[in-house]
>>> print(open('target.tsv').read())   # TSV, C-alpha atoms and all ligand atoms
chain	number	residue	atom	x	y	z
A	147	MET	CA	0.00	0.00	0.00
A	148	ALA	CA	3.06	2.28	0.34
A	149	ASP	CA	2.59	4.06	-2.99
A	150	ARG	CA	-1.18	4.37	-2.76
A	151	VAL	CA	-2.86	7.68	-2.10
A	152	ALA	CA	-6.29	7.93	-0.50
A	153	VAL	CA	-8.71	10.80	-0.08
A	154	VAL	CA	-11.24	10.72	2.74
A	155	SER	CA	-14.01	13.34	2.82
A	156	GLY	CA	-15.42	14.68	6.08
A	157	ALA	CA	-12.17	13.58	7.74
A	158	ALA	CA	-11.73	16.44	10.23
A	159	ARG	CA	-13.56	14.45	12.90
A	160	GLY	CA	-15.74	11.44	13.67
A	161	ILE	CA	-15.83	8.45	11.36
A	162	GLY	CA	-13.87	10.17	8.59
A	163	ALA	CA	-10.99	11.03	10.93
A	164	ALA	CA	-10.84	7.42	12.18
A	165	ILE	CA	-10.81	6.10	8.59
A	166	ALA	CA	-8.08	8.54	7.55
A	167	GLU	CA	-5.94	7.53	10.54
A	168	ARG	CA	-6.50	3.82	9.92
A	169	LEU	CA	-5.67	4.02	6.20
A	170	ALA	CA	-2.50	5.95	7.08
A	171	ALA	CA	-1.59	3.23	9.60
A	172	ASP	CA	-2.16	0.71	6.79
A	173	GLY	CA	0.55	2.56	4.85
A	174	LEU	CA	-1.44	4.82	2.53
A	175	LYS	CA	-0.74	8.51	2.08
A	176	VAL	CA	-3.93	10.36	2.93
A	177	GLY	CA	-5.67	13.50	1.73
A	178	VAL	CA	-7.71	14.63	4.73
A	179	LEU	CA	-10.58	16.57	3.16
A	180	ASP	CA	-13.12	18.67	5.03
A	181	LEU	CA	-14.97	21.98	4.61
A	182	ASP	CA	-12.18	23.98	6.22
A	183	ALA	CA	-8.55	22.86	5.78
A	184	ALA	CA	-7.68	24.30	9.22
A	185	HIS	CA	-10.16	21.89	10.84
A	186	CYS	CA	-8.20	18.97	9.36
A	187	ALA	CA	-5.13	19.80	11.46
A	188	ASP	CA	-5.93	17.38	14.31
A	189	THR	CA	-6.33	14.44	11.93
A	190	VAL	CA	-3.21	15.35	9.94
A	191	ASP	CA	-1.20	15.77	13.17
A	192	ALA	CA	-2.38	12.41	14.53
A	193	ILE	CA	-1.33	10.71	11.29
A	194	THR	CA	2.03	12.47	11.19
A	195	ARG	CA	2.76	11.75	14.86
A	196	ALA	CA	2.14	8.06	14.17
A	197	GLY	CA	4.68	8.15	11.33
A	198	GLY	CA	2.24	8.48	8.43
A	199	THR	CA	1.86	10.99	5.63
A	200	ALA	CA	-1.16	13.26	5.20
A	201	VAL	CA	-2.20	16.58	3.76
A	202	ALA	CA	-5.15	18.81	4.69
A	203	LEU	CA	-7.56	19.66	1.89
A	204	GLY	CA	-10.27	22.28	2.32
A	205	ALA	CA	-13.26	21.67	0.05
A	206	ASP	CA	-17.03	21.63	-0.03
A	207	VAL	CA	-17.84	18.27	-1.61
A	208	SER	CA	-21.10	19.62	-3.00
A	209	LYS	CA	-19.26	22.19	-5.16
A	210	GLU	CA	-17.74	21.04	-8.42
A	211	ASP	CA	-14.90	23.60	-8.58
A	212	SER	CA	-14.03	23.10	-4.93
A	213	VAL	CA	-13.73	19.32	-5.37
A	214	ALA	CA	-11.65	19.72	-8.55
A	215	ALA	CA	-9.25	22.12	-6.80
A	216	ALA	CA	-8.81	19.77	-3.81
A	217	VAL	CA	-8.12	16.78	-6.04
A	218	GLU	CA	-5.57	18.81	-8.03
A	219	GLN	CA	-3.89	19.89	-4.79
A	220	LEU	CA	-3.70	16.27	-3.65
A	221	GLU	CA	-2.23	15.16	-6.98
A	222	ARG	CA	0.42	17.90	-6.72
A	223	THR	CA	1.37	17.10	-3.12
A	224	LEU	CA	1.00	13.35	-2.56
A	225	GLY	CA	-0.14	12.01	-5.95
A	226	GLY	CA	-3.42	11.09	-7.68
A	227	PRO	CA	-5.73	9.16	-5.34
A	228	THR	CA	-6.70	5.57	-6.14
A	229	VAL	CA	-8.63	5.14	-2.88
A	230	VAL	CA	-11.68	7.33	-2.33
A	231	VAL	CA	-13.82	7.34	0.79
A	232	ASN	CA	-17.03	9.37	0.43
A	233	ASN	CA	-17.81	10.02	4.07
A	234	ALA	CA	-18.76	13.73	4.37
A	235	GLY	CA	-22.26	14.06	5.72
A	236	ILE	CA	-24.78	16.28	7.44
A	237	LEU	CA	-28.15	15.83	9.11
A	238	ARG	CA	-31.17	18.10	8.62
A	239	ASP	CA	-33.82	15.99	10.39
A	240	ASN	CA	-37.51	16.83	10.42
A	241	LEU	CA	-40.86	15.21	9.82
A	242	LEU	CA	-41.98	15.42	6.21
A	243	PHE	CA	-44.61	18.09	6.78
A	244	LYS	CA	-42.07	20.36	8.46
A	245	MET	CA	-39.11	19.70	6.17
A	246	SER	CA	-37.96	22.67	4.13
A	247	VAL	CA	-36.77	22.43	0.56
A	248	ASP	CA	-33.42	23.81	1.75
A	249	ASP	CA	-33.03	20.96	4.24
A	250	TRP	CA	-33.91	18.41	1.55
A	251	ASP	CA	-31.42	19.94	-0.91
A	252	ALA	CA	-28.61	20.38	1.64
A	253	VAL	CA	-28.64	16.69	2.55
A	254	MET	CA	-28.88	15.53	-1.08
A	255	ASN	CA	-26.08	17.88	-2.08
A	256	VAL	CA	-23.54	16.85	0.54
A	257	HIS	CA	-24.15	13.09	0.48
A	258	LEU	CA	-25.12	12.28	-3.08
A	259	ARG	CA	-23.84	15.17	-5.18
A	260	GLY	CA	-20.68	15.20	-3.07
A	261	ALA	CA	-20.01	11.49	-3.57
A	262	PHE	CA	-20.70	11.82	-7.29
A	263	LEU	CA	-18.37	14.82	-7.69
A	264	LEU	CA	-15.48	13.27	-5.76
A	265	ALA	CA	-15.81	9.88	-7.49
A	266	ARG	CA	-15.98	11.55	-10.90
A	267	ALA	CA	-12.98	13.79	-10.20
A	268	THR	CA	-10.82	10.85	-9.08
A	269	GLN	CA	-11.87	7.99	-11.36
A	270	LYS	CA	-9.19	8.81	-13.94
A	271	TYR	CA	-6.40	8.01	-11.48
A	272	MET	CA	-7.96	4.64	-10.71
A	273	VAL	CA	-8.63	3.82	-14.36
A	274	GLU	CA	-5.05	4.80	-15.31
A	275	ALA	CA	-3.65	2.68	-12.47
A	276	ARG	CA	-5.97	-0.21	-13.36
A	277	TRP	CA	-6.61	-0.40	-9.60
A	278	GLY	CA	-8.87	1.47	-7.26
A	279	ARG	CA	-11.08	1.29	-4.18
A	280	ILE	CA	-14.19	3.38	-3.59
A	281	VAL	CA	-15.92	3.23	-0.21
A	282	ASN	CA	-19.18	5.14	0.22
A	283	MET	CA	-20.81	5.86	3.56
A	284	SER	CA	-24.43	4.73	3.67
A	285	SER	CA	-26.39	4.18	6.90
A	286	THR	CA	-28.94	1.89	8.49
A	287	SER	CA	-31.26	4.86	7.89
A	288	ALA	CA	-31.30	3.76	4.23
A	289	LEU	CA	-33.89	1.22	5.40
A	290	GLY	CA	-36.14	4.07	6.56
A	291	ASN	CA	-36.01	6.23	9.66
A	292	ARG	CA	-38.66	8.51	11.08
A	293	GLY	CA	-37.73	12.20	10.75
A	294	GLN	CA	-35.06	11.50	8.13
A	295	VAL	CA	-36.87	11.42	4.81
A	296	ASN	CA	-34.02	13.40	3.22
A	297	TYR	CA	-31.17	11.49	4.89
A	298	SER	CA	-32.66	8.03	4.39
A	299	ALA	CA	-33.28	8.77	0.70
A	300	ALA	CA	-29.69	9.99	0.31
A	301	LYS	CA	-28.26	6.97	2.12
A	302	ALA	CA	-30.37	4.55	0.04
A	303	GLY	CA	-29.17	6.50	-3.00
A	304	MET	CA	-25.57	5.88	-1.93
A	305	GLN	CA	-26.23	2.17	-2.22
A	306	GLY	CA	-27.49	2.38	-5.82
A	307	PHE	CA	-24.63	4.74	-6.65
A	308	THR	CA	-22.14	2.23	-5.22
A	309	LYS	CA	-23.54	-0.74	-7.15
A	310	THR	CA	-23.44	1.20	-10.40
A	311	LEU	CA	-19.84	2.30	-9.82
A	312	ALA	CA	-18.98	-1.36	-9.23
A	313	LEU	CA	-20.57	-2.30	-12.57
A	314	GLU	CA	-18.93	0.50	-14.55
A	315	LEU	CA	-15.43	0.44	-13.04
A	316	GLY	CA	-14.91	-3.26	-12.30
A	317	LYS	CA	-13.14	-3.87	-15.61
A	318	PHE	CA	-10.49	-1.35	-14.57
A	319	GLY	CA	-9.67	-3.18	-11.35
A	320	VAL	CA	-11.73	-0.77	-9.28
A	321	THR	CA	-14.05	-2.00	-6.54
A	322	ALA	CA	-16.88	0.06	-5.03
A	323	ASN	CA	-18.59	-0.83	-1.78
A	324	ALA	CA	-20.75	0.87	0.81
A	325	ILE	CA	-20.63	0.72	4.57
A	326	ALA	CA	-23.93	1.21	6.37
A	327	PRO	CA	-23.14	2.10	9.99
A	328	GLY	CA	-25.65	1.85	12.79
A	329	PHE	CA	-25.30	4.04	15.89
A	330	ILE	CA	-21.74	5.37	16.08
A	331	VAL	CA	-20.57	7.72	18.84
A	332	THR	CA	-19.63	10.98	17.07
A	333	ASP	CA	-20.61	14.65	17.10
A	334	MET	CA	-23.43	13.71	14.72
A	335	THR	CA	-25.15	11.37	17.20
A	336	ALA	CA	-24.36	13.82	20.02
A	337	ALA	CA	-26.21	16.51	18.07
A	338	THR	CA	-29.20	14.19	17.63
A	339	ALA	CA	-29.28	13.54	21.39
A	340	GLU	CA	-29.21	17.27	22.03
A	341	ARG	CA	-31.97	17.88	19.50
A	342	VAL	CA	-34.29	15.39	21.22
A	343	GLY	CA	-33.28	16.70	24.66
A	344	VAL	CA	-31.64	13.55	26.08
A	345	PRO	CA	-28.16	13.60	27.72
A	346	PHE	CA	-25.75	11.89	25.31
A	347	GLU	CA	-24.69	9.17	27.80
A	348	GLU	CA	-28.32	8.23	28.43
A	349	PHE	CA	-29.02	8.34	24.67
A	350	GLN	CA	-26.15	5.89	24.08
A	351	ARG	CA	-27.30	3.56	26.87
A	352	ALA	CA	-30.82	3.45	25.45
A	353	ALA	CA	-29.51	2.81	21.94
A	354	ALA	CA	-27.25	-0.02	23.18
A	355	THR	CA	-30.20	-1.93	24.61
A	356	GLN	CA	-31.69	-2.13	21.10
A	357	ILE	CA	-28.48	-3.38	19.47
A	358	PRO	CA	-27.85	-7.16	19.40
A	359	VAL	CA	-24.22	-6.86	20.62
A	360	GLN	CA	-25.48	-4.54	23.39
A	361	ARG	CA	-23.13	-1.66	22.75
A	362	VAL	CA	-23.02	1.39	20.53
A	363	GLY	CA	-20.47	1.64	17.74
A	364	ARG	CA	-17.21	3.58	17.65
A	365	PRO	CA	-15.59	5.31	14.67
A	366	GLU	CA	-12.87	2.61	14.80
A	367	ASP	CA	-15.51	-0.06	14.03
A	368	ILE	CA	-16.18	1.66	10.72
A	369	ALA	CA	-12.49	2.35	10.06
A	370	HIS	CA	-11.77	-1.37	10.45
A	371	THR	CA	-14.35	-2.25	7.79
A	372	ALA	CA	-13.04	0.48	5.47
A	373	SER	CA	-9.52	-0.89	5.93
A	374	PHE	CA	-10.72	-4.34	4.85
A	375	LEU	CA	-12.55	-3.01	1.78
A	376	VAL	CA	-9.49	-0.98	0.71
A	377	SER	CA	-7.05	-3.87	1.26
A	378	GLU	CA	-5.42	-5.73	-1.65
A	379	GLY	CA	-7.13	-8.93	-0.62
A	380	ALA	CA	-10.63	-7.47	-0.98
A	381	GLY	CA	-10.39	-7.13	-4.77
A	382	PHE	CA	-13.21	-9.67	-5.35
A	383	VAL	CA	-15.63	-7.85	-3.04
A	384	SER	CA	-17.52	-5.22	-5.03
A	385	GLY	CA	-20.96	-3.67	-5.20
A	386	GLN	CA	-21.71	-4.71	-1.62
A	387	VAL	CA	-23.31	-2.93	1.28
A	388	ILE	CA	-21.85	-3.98	4.64
A	389	TYR	CA	-24.04	-3.15	7.62
A	390	VAL	CA	-21.76	-2.39	10.57
A	391	ALA	CA	-24.37	-2.03	13.22
A	392	GLY	CA	-23.82	-4.66	15.91
A	393	GLY	CA	-26.55	-6.74	14.33
A	394	PRO	CA	-28.38	-7.17	11.03
A	395	ARG	CA	-29.51	-3.56	10.77
A	396	ASP	CA	-29.88	-1.59	14.03
B	401	LIG	P1	-19.65	14.18	11.87
B	401	LIG	O1	-18.93	13.90	13.15
B	401	LIG	O2	-20.74	15.19	11.84
B	401	LIG	O3	-18.56	14.51	10.76
B	401	LIG	C1	-18.94	14.82	9.45
B	401	LIG	C2	-17.83	15.60	8.79
B	401	LIG	O4	-18.24	15.92	7.44
B	401	LIG	C3	-17.55	16.93	9.50
B	401	LIG	O5	-16.16	17.09	9.70
B	401	LIG	C4	-18.12	17.95	8.53
B	401	LIG	O6	-17.44	19.19	8.51
B	401	LIG	C5	-17.89	17.26	7.20
B	401	LIG	N1	-18.72	17.87	6.15
B	401	LIG	C6	-20.01	18.25	6.22
B	401	LIG	N2	-20.40	18.81	5.07
B	401	LIG	C7	-19.33	18.81	4.25
B	401	LIG	C8	-19.09	19.27	2.93
B	401	LIG	N3	-20.07	19.86	2.21
B	401	LIG	N4	-17.87	19.11	2.39
B	401	LIG	C9	-16.86	18.54	3.10
B	401	LIG	N5	-17.03	18.08	4.35
B	401	LIG	C10	-18.24	18.21	4.93
B	401	LIG	O7	-20.31	12.85	11.29
B	401	LIG	P2	-19.99	11.28	11.49
B	401	LIG	O8	-20.90	10.76	12.51
B	401	LIG	O9	-18.52	11.08	11.60
B	401	LIG	O10	-20.51	10.74	10.09
B	401	LIG	C11	-19.67	10.46	8.98
B	401	LIG	C12	-20.49	9.77	7.89
B	401	LIG	O11	-21.07	8.58	8.41
B	401	LIG	C13	-21.66	10.62	7.39
B	401	LIG	O12	-21.84	10.39	6.00
B	401	LIG	C14	-22.84	10.07	8.16
B	401	LIG	O13	-24.04	10.31	7.49
B	401	LIG	C15	-22.47	8.60	8.23
B	401	LIG	N6	-23.12	7.86	9.31
B	401	LIG	C16	-22.93	8.22	10.62
B	401	LIG	C17	-23.55	7.46	11.61
B	401	LIG	C18	-23.38	7.77	13.08
B	401	LIG	O14	-24.05	7.13	13.90
B	401	LIG	N7	-22.53	8.69	13.47
B	401	LIG	C19	-24.38	6.39	11.27
B	401	LIG	C20	-24.55	6.08	9.94
B	401	LIG	C21	-23.92	6.82	8.96
B	401	LIG	P3	-17.81	20.37	9.56
B	401	LIG	O15	-17.28	19.90	10.87
B	401	LIG	O16	-17.09	21.58	9.05
B	401	LIG	O17	-19.30	20.50	9.51
>>> encode(input="target.tsv", output="structure tokens", more="lines below")
Ligand code: NAP
Amino acid sequence: MADRVAVVSGAARGIGAAIAERLAADGLKVGVLDLDAAHCADTVDAITRAGGTAVALGADVSKEDSVAAAVEQLERTLGGPTVVVNNAGILRDNLLFKMSVDDWDAVMNVHLRGAFLLARATQKYMVEARWGRIVNMSSTSALGNRGQVNYSAAKAGMQGFTKTLALELGKFGVTANAIAPGFIVTDMTAATAERVGVPFEEFQRAAATQIPVQRVGRPEDIAHTASFLVSEGAGFVSGQVIYVAGGPRD
């Protein structure tokens, strides 16, 4: 993996940061991409301290020019990426009758448009190398979740997007897979707890009782799965959705 370059979106914190750190530990050079390059400093520092190589990339994944500029910067600094992790995400939860068009569009734009733009901007490096790995972040919410009509539609969309990438790019040695996490302890789930007015610890305890393995997930659980999907040995795994949720889907 020493010569491989990865780009991980939404890698300033949470699941994306854990994936970036894990891929760096696996030997990849990593473009740590998030809205503000300055916010990527913690992830880049953690990678560098551990002996890895990383660069901070500031970009809004929903903006075509911004994505193109970040990918060009990565090519100039570490090389063209042949591993792409589409992880950037936001929540704009509300019941259907209260959901604004802006909240619908914002979620679609970051998750789906963002994944499309980053995959499209990087596919040439993978096709040229005749090797590539695309990992897209879905969610158990793809199966439906009250108050998340925008998010669940986007996360189900990520699954169709992934399967089509697998079909189109397989002949170039590129695999595409999705990870569908369940409850993972990050700022995103902390914000949900705050929104519903439950202390985060209590929110986690309640969630754990509903999960077959009786615990909530950690960013490292998702990073471990991403590491497997990116590994050389996973070249025959493509077009799959792996639920990493402590059970079949919760
Ligand atoms: P998080 O802690 O909120 O981190 C998301 C990151 O994405 C943030 O650093 C955020 O930047 C960045 N981001 C947002 N919009 C962006 C944009 N337009 N361009 C570039 N970066 C952007 O979330 P997380 O819990 O780690 O979630 C990561 C992914 O896993 C998301 O796709 C999420 O939907 C998915 N997921 C999470 C869970 C869970 O339980 N946590 C479960 C299933 C799926 P800022 O800090 O600047 O906003």
>>> residues_near_ligand(input="target.tsv", ligand="ligand LIG 401 (chain B)", cutoff="8 Å", atoms="only C-alpha atoms and all ligand atoms", output="PyMOL selection string")
chain A and resi 155-163+179-182+185+204-209+232-237+255-257+260+283-287+297+301+326-335+363+365
>>> closest_residue(input="target.tsv", among="A:Thr321, A:Thr189, A:Gln269, A:Thr228", to="Phe382 (chain A)", atoms="all atoms listed in the file")
A:Thr321
>>> residues_near_point(input="target.tsv", point="(-15.3, 0.1, -8.7)", cutoff="10 Å", atoms="all atoms listed in the file", output="VMD selection string")
chain A and resid 265 269 272 to 273 277 to 281 308 to 323 381 383 to 385
>>> atom_distance(input="target.tsv", atom1="CA of Lys270 (chain A)", atom2="CA of Asp188 (chain A)")
29.7 Å
>>> closest_residue(input="target.tsv", among="A:Ile388, A:Val247, A:Ile165, A:Val176", to="Asp149 (chain A)", atoms="only C-alpha atoms")
A:Val176
>>> atom_distance(input="target.tsv", atom1="CA of Ala391 (chain A)", atom2="CA of Phe349 (chain A)")
16.1 Å
>>> atom_distance(input="target.tsv", atom1="CA of Ala337 (chain A)", atom2="CA of Trp250 (chain A)")
18.3 Å
